[in-house]
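Trainee: Below is the file final-v1.cif, with mmCIF, C-alpha atoms.
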```
data_input
loop_
_atom_site.label_atom_id
_atom_site.label_comp_id
_atom_site.auth_asym_id
_atom_site.auth_seq_id
_atom_site.Cartn_x
_atom_site.Cartn_y
_atom_site.Cartn_z
CA MET A 1 64.74 105.39 89.35
CA ALA A 2 65.70 108.96 90.23
CA ASN A 3 66.22 111.45 87.44
CA ALA A 4 69.80 111.98 86.32
CA SER A 5 71.52 114.93 87.90
CA THR A 6 74.90 116.58 87.55
CA ASP A 7 75.29 116.05 91.31
CA LEU A 8 75.27 112.27 90.94
CA SER A 9 78.53 110.67 92.03
CA PHE A 10 80.01 107.27 92.81
CA GLU A 11 82.97 108.75 94.68
CA THR A 12 83.41 109.24 98.39
CA GLY A 13 86.19 108.86 100.91
CA MET A 14 84.80 105.74 102.56
CA LEU A 15 83.28 103.02 100.39
CA ALA A 16 83.42 99.27 100.91
CA TYR A 17 81.60 96.25 99.49
CA ALA A 18 81.47 92.84 101.13
CA ARG A 19 82.36 89.83 98.95
CA SER A 20 79.31 88.45 97.18
CA ILE A 21 81.02 85.12 96.47
CA GLN A 22 82.21 83.17 99.49
CA ILE A 23 84.29 80.06 98.78
CA THR A 24 85.49 77.35 101.15
CA GLU A 25 89.03 76.02 101.12
CA GLY A 26 89.36 73.29 98.50
CA LEU A 27 90.42 69.83 99.70
CA PHE A 28 92.21 67.11 97.69
CA PHE A 29 91.14 63.48 97.95
CA ALA A 30 92.48 60.39 96.23
CA THR A 31 89.84 58.15 94.64
CA SER A 32 89.56 54.68 93.11
CA SER A 33 87.69 53.62 89.97
CA SER A 34 87.17 50.18 91.49
CA ASP A 35 85.56 51.54 94.67
CA GLU A 36 83.55 54.76 94.23
CA THR A 37 83.08 55.08 98.00
CA LEU A 38 86.82 55.36 98.62
CA ARG A 39 87.96 58.95 99.27
CA THR A 40 91.34 59.18 100.94
CA PRO A 41 92.67 62.60 102.00
CA ILE A 42 95.88 63.39 100.11
CA GLU A 43 98.63 64.16 102.58
CA VAL A 44 101.26 66.86 102.32
CA ARG A 45 104.68 65.43 103.23
CA GLU A 46 108.30 66.55 103.25
CA LYS A 47 111.23 65.24 101.25
CA GLY A 48 114.83 66.19 100.55
CA VAL A 49 115.91 66.94 96.98
CA ARG A 50 119.20 67.87 95.37
CA GLY A 51 119.11 70.23 92.46
CA GLN A 52 121.43 72.88 91.07
CA SER A 53 121.43 76.57 91.87
CA SER A 54 119.64 78.34 89.03
CA GLU A 55 118.90 81.82 90.30
CA ASP A 56 120.80 84.93 89.25
CA LYS A 57 123.89 85.61 91.43
CA ALA A 58 123.62 82.23 93.14
CA LYS A 59 126.01 81.71 96.05
CA LYS A 60 127.25 78.42 94.54
CA PRO A 61 126.46 78.65 90.81
CA GLY A 62 126.23 75.27 89.06
CA GLN A 63 126.80 73.31 92.25
CA SER A 64 124.44 71.04 94.14
CA ASN A 65 121.65 72.79 96.00
CA PRO A 66 120.21 70.38 98.61
CA GLN A 67 116.87 71.49 100.02
CA SER A 68 113.74 70.22 101.70
CA VAL A 69 110.34 70.72 100.09
CA GLU A 70 106.75 69.75 100.69
CA TYR A 71 104.99 67.54 98.17
CA ALA A 72 101.72 65.69 97.62
CA VAL A 73 101.09 62.59 95.47
CA ILE A 74 98.31 60.14 94.67
CA PRO A 75 98.75 57.26 97.18
CA GLN A 76 99.05 53.64 96.12
CA GLY A 77 95.77 51.84 95.52
CA HIS A 78 94.16 54.92 93.97
CA ASP A 79 93.85 56.11 90.37
CA GLY A 80 92.14 59.47 90.61
CA VAL A 81 91.99 62.79 92.44
CA ASP A 82 89.05 64.88 93.61
CA LEU A 83 89.21 68.60 94.50
CA SER A 84 86.09 69.59 96.44
CA TYR A 85 84.79 72.93 97.73
CA SER A 86 81.57 74.90 97.96
CA ILE A 87 80.56 78.34 96.67
CA ARG A 88 78.01 80.64 98.29
CA PHE A 89 76.62 83.41 96.05
CA MET A 90 75.12 86.30 98.06
CA PRO A 91 73.31 89.55 97.11
CA LEU A 92 75.85 91.83 98.79
CA SER A 93 76.50 94.07 95.75
CA LEU A 94 72.99 95.53 95.88
CA ARG A 95 74.23 98.28 98.20
CA PRO A 96 77.52 99.27 99.86
CA HIS A 97 78.62 97.53 103.03
CA ALA A 98 79.93 100.88 104.27
CA CYS A 99 79.71 104.31 102.69
CA GLY A 100 80.67 107.75 103.97
CA ASN A 101 78.09 109.63 101.91
CA THR A 102 74.35 108.93 101.86
CA ALA A 103 73.83 110.29 98.34
CA VAL A 104 76.69 108.20 96.97
CA GLY A 105 75.33 105.10 98.68
CA GLU A 106 71.94 105.74 97.08
CA ALA A 107 73.58 106.15 93.66
CA TYR A 108 75.18 102.70 93.99
CA ARG A 109 71.85 101.23 95.11
CA LEU A 110 70.18 102.66 91.99
CA LEU A 111 72.98 101.25 89.84
CA ALA A 112 72.47 97.74 91.21
CA GLU A 113 68.69 98.05 90.96
CA GLY A 114 68.87 99.02 87.29
CA TYR A 115 71.45 96.34 86.57
CA ARG A 116 69.24 93.69 88.15
CA ALA A 117 66.16 94.89 86.24
CA ALA A 118 68.08 94.56 82.94
CA ASP A 119 69.14 90.98 83.80
CA GLY A 120 72.76 92.03 84.22
CA TYR A 121 73.32 89.62 87.11
CA ARG A 122 72.23 86.75 84.91
CA PHE A 123 74.90 87.75 82.41
CA LEU A 124 77.54 87.63 85.17
CA ALA A 125 76.12 84.30 86.36
CA GLU A 126 76.75 82.76 82.93
CA LEU A 127 80.38 83.85 83.16
CA PHE A 128 80.82 82.39 86.65
CA ALA A 129 79.21 79.14 85.46
CA TRP A 130 81.66 79.10 82.54
CA ASN A 131 84.62 79.11 84.95
CA ILE A 132 83.05 76.29 86.94
CA ALA A 133 82.53 74.21 83.81
CA ASN A 134 86.04 74.75 82.40
CA ALA A 135 87.79 73.77 85.70
CA ARG A 136 90.05 76.80 85.64
CA PHE A 137 90.05 76.60 89.44
CA ALA A 138 92.20 73.43 89.30
CA TRP A 139 95.02 75.61 87.92
CA ARG A 140 98.18 73.57 87.22
CA ASN A 141 96.42 70.34 88.14
CA ARG A 142 94.13 70.79 85.15
CA PHE A 143 97.01 69.83 82.86
CA GLN A 144 97.97 66.69 84.81
CA SER A 145 95.32 64.46 83.28
CA ASP A 146 93.68 63.69 79.94
CA SER A 147 90.40 62.63 81.54
CA MET A 148 88.44 64.80 83.98
CA LYS A 149 85.01 66.11 84.86
CA VAL A 150 83.42 68.83 86.99
CA THR A 151 80.28 68.18 89.02
CA ALA A 152 78.12 70.98 90.41
CA GLU A 153 75.58 69.89 93.06
CA PHE A 154 72.78 72.27 94.11
CA ASN A 155 69.16 72.12 95.29
CA SER A 156 68.99 68.30 94.98
CA ARG A 157 70.24 68.52 91.37
CA ALA A 158 73.60 67.81 89.77
CA ILE A 159 75.22 68.59 86.45
CA VAL A 160 78.50 67.15 85.16
CA PHE A 161 80.74 68.94 82.63
CA ASP A 162 83.69 67.87 80.48
CA PRO A 163 86.17 70.77 81.00
CA PHE A 164 88.09 69.92 77.82
CA LYS A 165 85.04 70.94 75.79
CA VAL A 166 84.86 74.40 77.38
CA SER A 167 87.25 77.16 76.30
CA LEU A 168 89.65 78.65 78.84
CA GLU A 169 90.22 81.73 76.69
CA LYS A 170 86.80 83.22 76.00
CA PRO A 171 83.27 82.13 76.92
CA GLU A 172 81.14 80.58 74.20
CA GLY A 173 77.87 81.33 75.95
CA VAL A 174 75.26 78.89 77.19
CA SER A 175 75.44 76.85 73.99
CA GLY A 176 79.13 76.17 74.55
CA MET A 177 78.47 74.85 78.05
CA GLU A 178 75.56 72.73 76.81
CA MET A 179 77.96 70.93 74.45
CA ALA A 180 80.12 70.00 77.45
CA ILE A 181 77.38 68.39 79.56
CA LEU A 182 78.19 64.76 80.42
CA GLU A 183 75.35 64.17 82.88
CA GLY A 184 72.23 66.27 83.27
CA ASP A 185 70.71 68.47 80.61
CA ALA A 186 70.13 72.03 79.45
CA ALA A 187 67.46 72.51 82.13
CA ASP A 188 70.02 71.71 84.84
CA LEU A 189 72.46 74.21 83.32
CA MET A 190 69.80 76.91 83.27
CA ALA A 191 68.91 76.11 86.89
CA LEU A 192 72.57 76.54 87.87
CA ILE A 193 72.86 79.89 86.06
CA GLU A 194 69.54 81.15 87.41
CA GLY A 195 70.51 80.04 90.92
CA ILE A 196 73.77 82.00 90.74
CA ALA A 197 71.98 85.06 89.34
CA ASP A 198 69.29 84.93 92.03
CA GLY A 199 71.87 84.43 94.76
CA LEU A 200 73.70 87.55 93.60
CA SER A 201 70.62 89.73 93.19
CA ASN A 202 67.53 88.71 95.18
CA ALA A 203 66.19 91.40 97.48
CA LYS A 204 65.41 88.89 100.26
CA ARG A 205 69.16 88.41 100.71
CA ASP A 206 68.84 84.63 100.22
CA ALA A 207 72.08 82.94 99.20
CA PHE A 208 72.62 80.22 96.59
CA THR A 209 75.09 77.46 97.41
CA THR A 210 76.64 74.87 95.13
CA MET A 211 79.11 72.08 95.91
CA ILE A 212 81.84 71.60 93.31
CA HIS A 213 83.86 68.43 92.66
CA TRP A 214 86.70 68.30 90.14
CA HIS A 215 87.68 64.71 89.39
CA ALA A 216 90.63 63.63 87.24
CA VAL A 217 92.16 60.28 86.37
CA MET A 218 95.74 60.04 87.66
CA GLN A 219 98.18 57.25 88.42
CA PRO A 220 99.47 56.26 91.89
CA GLY A 221 102.51 58.34 92.77
CA GLN A 222 101.59 61.16 90.39
CA GLU A 223 102.15 64.60 91.90
CA ILE A 224 99.35 67.08 92.51
CA PHE A 225 99.77 70.78 93.20
CA PRO A 226 98.01 72.40 96.15
CA SER A 227 98.26 76.15 96.68
CA GLN A 228 101.73 77.27 97.60
CA GLU A 229 101.99 79.35 100.74
CA TYR A 230 103.36 82.87 100.53
CA VAL A 231 105.46 83.35 103.64
CA ARG A 232 106.96 86.68 104.65
CA ASP A 233 110.74 86.72 105.03
CA GLU A 234 110.62 87.11 108.80
CA ARG A 235 108.44 83.99 109.11
CA LYS A 236 110.17 81.74 106.59
CA ASP A 237 111.09 78.22 107.64
CA GLU A 238 114.76 77.92 106.74
CA ASP A 239 114.38 74.14 106.55
CA LEU A 240 111.67 74.24 103.85
CA SER A 241 112.04 76.00 100.51
CA ARG A 242 108.48 75.12 99.35
CA ILE A 243 105.46 75.10 101.64
CA TYR A 244 102.06 73.89 100.47
CA ALA A 245 98.61 74.80 101.77
CA LYS A 246 97.20 72.13 104.05
CA LEU A 247 94.54 71.61 106.68
CA PRO A 248 94.91 69.24 109.65
CA ARG A 249 92.36 66.43 109.93
CA ARG A 250 91.96 63.09 111.66
CA PHE A 251 92.33 60.06 109.40
CA ASN A 252 92.85 56.42 110.41
CA GLY A 253 93.36 57.38 114.02
CA LYS A 254 96.01 60.05 113.45
CA THR A 255 96.25 63.70 112.50
CA ILE A 256 97.48 64.37 108.96
CA ASN A 257 97.98 67.50 106.85
CA GLN A 258 95.50 67.32 103.97
CA ALA A 259 96.49 69.07 100.74
CA ALA A 260 94.37 72.16 100.12
CA MET A 261 93.65 74.87 97.57
CA HIS A 262 93.23 78.36 98.98
CA SER A 263 89.77 79.86 98.65
CA GLN A 264 91.44 83.00 97.29
CA LYS A 265 93.05 81.03 94.46
CA ILE A 266 89.76 79.35 93.57
CA GLY A 267 88.09 82.75 93.72
CA ALA A 268 90.67 84.24 91.37
CA ALA A 269 89.84 81.52 88.84
CA LEU A 270 86.10 82.12 89.07
CA ARG A 271 86.70 85.87 88.67
CA HIS A 272 88.34 85.40 85.27
CA ILE A 273 85.36 87.09 83.67
CA ASP A 274 86.87 90.41 82.57
CA ILE A 275 86.28 89.92 78.86
CA TRP A 276 85.85 93.68 78.42
CA HIS A 277 89.42 94.95 78.96
CA ASP A 278 89.90 95.45 75.20
CA SER A 279 93.68 95.12 75.42
CA ASP A 280 95.75 94.37 72.33
CA ARG A 281 98.38 92.76 74.58
CA TYR A 282 96.14 90.10 76.06
CA GLU A 283 93.07 88.66 74.35
CA ALA A 284 91.83 86.14 76.92
CA ALA A 285 89.60 86.80 79.92
CA ILE A 286 91.43 88.03 83.03
CA ALA A 287 90.49 88.13 86.70
CA VAL A 288 88.31 91.06 87.67
CA ASN A 289 90.16 93.68 89.68
CA PRO A 290 90.09 97.49 89.54
CA TYR A 291 93.31 97.89 87.53
CA GLY A 292 93.19 94.73 85.42
CA GLY A 293 96.39 93.23 86.78
CA VAL A 294 97.53 89.88 85.35
CA GLN A 295 99.72 88.16 87.95
CA GLU A 296 101.09 85.52 85.58
CA THR A 297 102.59 88.08 83.17
CA GLY A 298 102.88 91.25 85.25
CA ASP A 299 100.66 93.11 82.76
CA VAL A 300 98.34 95.88 83.99
CA LEU A 301 95.63 96.10 81.36
CA ARG A 302 93.60 98.83 83.06
CA HIS A 303 96.40 101.14 84.10
CA PRO A 304 95.17 104.64 85.08
CA LYS A 305 96.78 105.99 81.89
CA SER A 306 94.34 103.86 79.87
CA LYS A 307 91.35 105.55 81.53
CA LYS A 308 89.76 102.07 81.78
CA SER A 309 90.32 101.39 85.47
CA PHE A 310 87.38 100.94 87.83
CA TYR A 311 88.11 104.36 89.34
CA ASP A 312 88.21 106.14 85.98
CA LEU A 313 85.05 104.50 84.64
CA ARG A 314 82.90 105.21 87.69
CA LYS A 315 83.45 108.96 87.24
CA LYS A 316 80.71 108.84 84.59
CA ALA A 317 77.95 108.46 87.19
CA GLU A 318 75.25 110.38 85.33
CA GLN A 319 75.83 108.47 82.08
CA ILE A 320 76.01 105.10 83.84
CA LEU A 321 72.77 105.57 85.78
CA ASP A 322 70.97 106.83 82.69
CA THR A 323 72.10 103.73 80.77
CA VAL A 324 70.95 101.19 83.37
CA GLU A 325 67.66 103.03 83.82
CA ARG A 326 66.89 102.65 80.11
CA ALA A 327 68.35 99.16 79.59
CA GLN A 328 65.96 96.26 78.99
CA SER A 329 68.59 93.51 78.59
CA PRO A 330 72.31 92.87 79.25
CA ASP A 331 73.04 93.67 75.59
CA GLU A 332 71.95 97.26 76.23
CA ILE A 333 74.45 97.64 79.08
CA SER A 334 77.94 98.79 78.17
CA ASP A 335 81.04 96.68 78.79
CA ASP A 336 82.25 99.32 81.25
CA ILE A 337 79.14 98.93 83.40
CA HIS A 338 79.46 95.13 83.41
CA PHE A 339 83.06 95.60 84.59
CA ILE A 340 82.04 98.03 87.35
CA MET A 341 79.36 95.66 88.64
CA ALA A 342 81.74 92.68 88.49
CA ASN A 343 84.08 94.62 90.79
CA LEU A 344 81.26 95.34 93.24
CA VAL A 345 80.44 91.61 93.26
CA ARG A 346 84.14 90.93 93.89
CA GLY A 347 84.06 93.28 96.87
CA GLY A 348 86.75 95.48 98.34
CA VAL A 349 87.51 98.98 99.56
CA PHE A 350 86.84 101.53 96.82
CA GLY A 351 87.12 104.89 98.56
CA SER A 352 88.50 107.96 96.80
CA SER A 353 91.55 109.52 98.43
CA GLY A 354 90.50 113.01 97.33
CA LYS A 355 87.04 112.80 98.92
CA LYS A 356 86.13 113.34 102.55
CA ALA A 357 84.34 110.48 104.26
CA GLU A 358 81.57 112.64 105.74
CA ALA A 359 78.07 111.36 106.27
CA ASN A 360 75.61 113.02 103.88
CA GLY A 361 78.52 114.63 102.07
#
```
I'd like the structure from this file rewritten - as structure tokens, please.
Mentor:
Amino acid sequence: MANASTDLSFETGMLAYARSIQITEGLFFATSSSDETLRTPIEVREKGVRGQSSEDKAKKPGQSNPQSVEYAVIPQGHDGVDLSYSIRFMPLSLRPHACGNTAVGEAYRLLAEGYRAADGYRFLAELFAWNIANARFAWRNRFQSDSMKVTAEFNSRAIVFDPFKVSLEKPEGVSGMEMAILEGDAADLMALIEGIADGLSNAKRDAFTTMIHWHAVMQPGQEIFPSQEYVRDERKDEDLSRIYAKLPRRFNGKTINQAAMHSQKIGAALRHIDIWHDSDRYEAAIAVNPYGGVQETGDVLRHPKSKKSFYDLRKKAEQILDTVERAQSPDEISDDIHFIMANLVRGGVFGSSGKKAEANG
């Protein structure tokens, strides 16, 4: 690794990283305990409901509020639900996708090289595996059943977890996930973690892919919750007050709208690995993003005033590169560096407004 220099910098006007974790749209299927081969796509339908106006300054406060909504339920003849999707882990954080300064691009390459040499990517891989095992990606659906499991299939292997035995708040390490294994063993867990780590960091740019199935026991007619579409005001359907994510598919000779979970929402769940924010307002892990925003509460845990945002932390280029050059294990890497690398894995545009995007500086 190059010697530290006061000229080292991670800031330039044009800087972008491609996503290292590519996720497919999740699809919901109804299943049957009496016929394991039965997988029926769960359909999104419309219905009319009559509630009462509850918003502030309602036009007709306390009066009936008829509306049409989309909904999805377990069909008759089924007693379970399966949410399936795949994840592709790629080594795209090893260097910028686009960078306006050659020296800055080289500094980021050295950062990733040192992080990989110290097994930093394996540390991140354990955290991503944790959010697979705990089924955070099922979001509201996770609380709809008292019996569920998560299956990860990869490289002709499979491992099955009990999500209820894995904390949603903070990771308990590999040992915590081992306690949750229903099918498979510790060797399968290590293979999953090592596969994720290699996919994120191998120099040959080979990806690692795993297929994920979340299965829960539910009764016929029980409601499930796909992603809800965000629709801009100018495109809103006045006839529907709630629109669910769905993908068209052919089933039994007709086209139906199959309930879906957005890849972005699944990705947000997997990115709940920021355990380094050190906020006294919020103790649990949050999704990795440059400013530590928590959508559910509106908190911003890495506000610029805290000096803990991605942009503030990366100003310490000389110190960061010196640390990763010396580190022999993830324990010797600071929390701030883990956070910076997690953002590069996340991907995005990270240019500095005060820097010119000129090649070679």
Trainee: Counting all atoms listed in the file, which residue out of A:Thr151, A:Ser329, A:Thr31, A:Asn141 sits closest to Ala129 in chain A?
Mentor: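 Using all atoms listed in the file, Ala129 in chain A sits closest to A:Thr151.
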Trainee: Just say which residues the PyMOL selection byres ((chain A and resi 244-259) around 6) picks in this file, as a list in words.
Mentor: Phe28, Pro41, Ile42, Glu43, Val44, Pro226, Ser227, Gln228, Glu229, Ile243 and Ala260 of chain A
Trainee: Which one of A:Ala125, A:Ile320, A:Val81, A:Met90 sits closest to Thr209 in chain A if you count all atoms listed in the file?
Mentor: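 Smallest distance to Thr209 in chain A is found for A:Met90.
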Trainee: Would you write out, as a list in words, every residue that the PyMOL selection byres ((chain A and resi 199) around 9) captures in this file?
Mentor: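 With the shown file as input, the PyMOL selection byres ((chain A and resi 199) around 9) matches Ser20, Arg88, Phe89, Met90, Pro91, Glu194, Gly195, Ile196, Ala197, Asp198, Leu200, Ser201, Asn202, Arg205, Asp206, Ala207, Phe208 and Thr209 of chain A.
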Trainee: Using all atoms listed in the file, which of A:Ile266, A:Leu38, A:Ile193, A:Met14 sits nearest Asp119 in chain A?
Mentor: A:Ile193
Trainee: Which residue is closest to Gly347 in chain A? Choose from A:Asn289, A:Ser68, A:Asn101, A:Gln76 and count all atoms listed in the file.
Mentor: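 Ranked by minimum distance to Gly347 in chain A, first place goes to A:Asn289.
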Trainee: Go through A:Phe161, A:Phe225, A:Tyr282, A:Phe350 and flag the residue nearest Thr297 in chain A, using all atoms listed in the file for the distances.
Mentor: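 Under the stated criterion, the closest residue is A:Tyr282.
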Trainee: Can you spell out as a JSON list (two decimals) with C-alpha atoms, in the frame of the given file the set of residues that the PyMOL selection byres ((chain A and resi 127) around 10) selects in the structure I just provided?
Mentor:
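Now in expr-v7.json:
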```json
[["chain", "number", "residue", "atom", "x", "y", "z"],
["A", 121, "TYR", "CA", 73.32, 89.62, 87.11],
["A", 122, "ARG", "CA", 72.23, 86.75, 84.91],
["A", 123, "PHE", "CA", 74.90, 87.75, 82.41],
["A", 124, "LEU", "CA", 77.54, 87.63, 85.17],
["A", 125, "ALA", "CA", 76.12, 84.30, 86.36],
["A", 126, "GLU", "CA", 76.75, 82.76, 82.93],
["A", 128, "PHE", "CA", 80.82, 82.39, 86.65],
["A", 129, "ALA", "CA", 79.21, 79.14, 85.46],
["A", 130, "TRP", "CA", 81.66, 79.10, 82.54],
["A", 131, "ASN", "CA", 84.62, 79.11, 84.95],
["A", 132, "ILE", "CA", 83.05, 76.29, 86.94],
["A", 133, "ALA", "CA", 82.53, 74.21, 83.81],
["A", 170, "LYS", "CA", 86.80, 83.22, 76.00],
["A", 171, "PRO", "CA", 83.27, 82.13, 76.92],
["A", 172, "GLU", "CA", 81.14, 80.58, 74.20],
["A", 173, "GLY", "CA", 77.87, 81.33, 75.95],
["A", 174, "VAL", "CA", 75.26, 78.89, 77.19],
["A", 193, "ILE", "CA", 72.86, 79.89, 86.06],
["A", 270, "LEU", "CA", 86.10, 82.12, 89.07],
["A", 271, "ARG", "CA", 86.70, 85.87, 88.67],
["A", 272, "HIS", "CA", 88.34, 85.40, 85.27],
["A", 273, "ILE", "CA", 85.36, 87.09, 83.67],
["A", 274, "ASP", "CA", 86.87, 90.41, 82.57],
["A", 275, "ILE", "CA", 86.28, 89.92, 78.86]]
```
Trainee: For Leu313 in chain A, which of A:Ala203, A:Ala112, A:Ile337, A:Met177 is the closest residue, counting only C-alpha atoms?
Mentor: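 Nearest candidate to Leu313 in chain A out of A:Ala203, A:Ala112, A:Ile337, A:Met177: A:Ile337.
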Trainee: For CA of Asp299 in chain A and CA of Ala268 in chain A, quote the distance in Å rounded to one decimal.
Mentor: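 Spanning CA of Asp299 in chain A to CA of Ala268 in chain A is a straight-line distance of 15.9 Å.
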Trainee: Could you jot down the CA of Arg302 in chain A to CA of Asn134 in chain A separation for me, Å, one decimal place?
Mentor: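 Taking CA of Arg302 in chain A as the start and CA of Asn134 in chain A as the end point, the length is 25.2 Å.
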Trainee: May I ask you to restore N, CA and C atoms in range 106-132 of chain A and write the result as a PDB file, in the frame of the given file?
Mentor:
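Printed below is result.pdb as written:
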```
ATOM      1  N   GLU A 106      73.185 105.869  97.826  1.00  0.00           N
ATOM      2  CA  GLU A 106      71.940 105.740  97.080  1.00  0.00           C
ATOM      3  C   GLU A 106      72.211 105.589  95.592  1.00  0.00           C
ATOM      4  N   ALA A 107      73.225 106.280  95.075  1.00  0.00           N
ATOM      5  CA  ALA A 107      73.580 106.150  93.660  1.00  0.00           C
ATOM      6  C   ALA A 107      74.000 104.713  93.337  1.00  0.00           C
ATOM      7  N   TYR A 108      74.774 104.099  94.220  1.00  0.00           N
ATOM      8  CA  TYR A 108      75.180 102.700  93.990  1.00  0.00           C
ATOM      9  C   TYR A 108      73.976 101.761  94.091  1.00  0.00           C
ATOM     10  N   ARG A 109      73.052 102.065  94.995  1.00  0.00           N
ATOM     11  CA  ARG A 109      71.850 101.230  95.110  1.00  0.00           C
ATOM     12  C   ARG A 109      71.033 101.297  93.813  1.00  0.00           C
ATOM     13  N   LEU A 110      70.914 102.494  93.247  1.00  0.00           N
ATOM     14  CA  LEU A 110      70.180 102.660  91.990  1.00  0.00           C
ATOM     15  C   LEU A 110      70.886 101.949  90.844  1.00  0.00           C
ATOM     16  N   LEU A 111      72.210 101.965  90.863  1.00  0.00           N
ATOM     17  CA  LEU A 111      72.980 101.250  89.840  1.00  0.00           C
ATOM     18  C   LEU A 111      72.669  99.760  89.893  1.00  0.00           C
ATOM     19  N   ALA A 112      72.730  99.177  91.067  1.00  0.00           N
ATOM     20  CA  ALA A 112      72.470  97.740  91.210  1.00  0.00           C
ATOM     21  C   ALA A 112      71.025  97.403  90.868  1.00  0.00           C
ATOM     22  N   GLU A 113      70.103  98.277  91.247  1.00  0.00           N
ATOM     23  CA  GLU A 113      68.690  98.050  90.960  1.00  0.00           C
ATOM     24  C   GLU A 113      68.446  98.027  89.449  1.00  0.00           C
ATOM     25  N   GLY A 114      69.022  98.988  88.738  1.00  0.00           N
ATOM     26  CA  GLY A 114      68.870  99.020  87.290  1.00  0.00           C
ATOM     27  C   GLY A 114      69.555  97.851  86.613  1.00  0.00           C
ATOM     28  N   TYR A 115      70.703  97.471  87.134  1.00  0.00           N
ATOM     29  CA  TYR A 115      71.450  96.340  86.570  1.00  0.00           C
ATOM     30  C   TYR A 115      70.666  95.053  86.734  1.00  0.00           C
ATOM     31  N   ARG A 116      70.052  94.885  87.899  1.00  0.00           N
ATOM     32  CA  ARG A 116      69.240  93.690  88.150  1.00  0.00           C
ATOM     33  C   ARG A 116      68.014  93.671  87.230  1.00  0.00           C
ATOM     34  N   ALA A 117      67.358  94.818  87.074  1.00  0.00           N
ATOM     35  CA  ALA A 117      66.160  94.890  86.240  1.00  0.00           C
ATOM     36  C   ALA A 117      66.460  94.554  84.779  1.00  0.00           C
ATOM     37  N   ALA A 118      67.686  94.841  84.334  1.00  0.00           N
ATOM     38  CA  ALA A 118      68.080  94.560  82.940  1.00  0.00           C
ATOM     39  C   ALA A 118      68.687  93.173  82.791  1.00  0.00           C
ATOM     40  N   ASP A 119      68.612  92.351  83.824  1.00  0.00           N
ATOM     41  CA  ASP A 119      69.140  90.980  83.800  1.00  0.00           C
ATOM     42  C   ASP A 119      70.670  90.940  83.735  1.00  0.00           C
ATOM     43  N   GLY A 120      71.310  91.996  84.233  1.00  0.00           N
ATOM     44  CA  GLY A 120      72.760  92.030  84.220  1.00  0.00           C
ATOM     45  C   GLY A 120      73.385  90.946  85.079  1.00  0.00           C
ATOM     46  N   TYR A 121      72.767  90.649  86.221  1.00  0.00           N
ATOM     47  CA  TYR A 121      73.320  89.620  87.110  1.00  0.00           C
ATOM     48  C   TYR A 121      73.270  88.244  86.449  1.00  0.00           C
ATOM     49  N   ARG A 122      72.286  88.027  85.607  1.00  0.00           N
ATOM     50  CA  ARG A 122      72.230  86.750  84.910  1.00  0.00           C
ATOM     51  C   ARG A 122      73.386  86.631  83.925  1.00  0.00           C
ATOM     52  N   PHE A 123      73.754  87.740  83.314  1.00  0.00           N
ATOM     53  CA  PHE A 123      74.900  87.750  82.410  1.00  0.00           C
ATOM     54  C   PHE A 123      76.177  87.398  83.164  1.00  0.00           C
ATOM     55  N   LEU A 124      76.370  87.976  84.346  1.00  0.00           N
ATOM     56  CA  LEU A 124      77.540  87.630  85.170  1.00  0.00           C
ATOM     57  C   LEU A 124      77.468  86.172  85.604  1.00  0.00           C
ATOM     58  N   ALA A 125      76.274  85.691  85.911  1.00  0.00           N
ATOM     59  CA  ALA A 125      76.120  84.300  86.360  1.00  0.00           C
ATOM     60  C   ALA A 125      76.573  83.326  85.277  1.00  0.00           C
ATOM     61  N   GLU A 126      76.289  83.621  84.015  1.00  0.00           N
ATOM     62  CA  GLU A 126      76.750  82.760  82.930  1.00  0.00           C
ATOM     63  C   GLU A 126      78.275  82.690  82.902  1.00  0.00           C
ATOM     64  N   LEU A 127      78.921  83.822  83.170  1.00  0.00           N
ATOM     65  CA  LEU A 127      80.380  83.850  83.160  1.00  0.00           C
ATOM     66  C   LEU A 127      80.967  83.068  84.332  1.00  0.00           C
ATOM     67  N   PHE A 128      80.344  83.178  85.510  1.00  0.00           N
ATOM     68  CA  PHE A 128      80.820  82.390  86.650  1.00  0.00           C
ATOM     69  C   PHE A 128      80.601  80.896  86.398  1.00  0.00           C
ATOM     70  N   ALA A 129      79.463  80.539  85.794  1.00  0.00           N
ATOM     71  CA  ALA A 129      79.210  79.140  85.460  1.00  0.00           C
ATOM     72  C   ALA A 129      80.228  78.624  84.459  1.00  0.00           C
ATOM     73  N   TRP A 130      80.626  79.471  83.528  1.00  0.00           N
ATOM     74  CA  TRP A 130      81.660  79.100  82.540  1.00  0.00           C
ATOM     75  C   TRP A 130      82.950  78.692  83.231  1.00  0.00           C
ATOM     76  N   ASN A 131      83.371  79.433  84.269  1.00  0.00           N
ATOM     77  CA  ASN A 131      84.620  79.110  84.950  1.00  0.00           C
ATOM     78  C   ASN A 131      84.483  77.951  85.928  1.00  0.00           C
ATOM     79  N   ILE A 132      83.254  77.564  86.234  1.00  0.00           N
ATOM     80  CA  ILE A 132      83.050  76.290  86.940  1.00  0.00           C
ATOM     81  C   ILE A 132      83.194  75.152  85.950  1.00  0.00           C
TER      82      ILE A 132
END
```
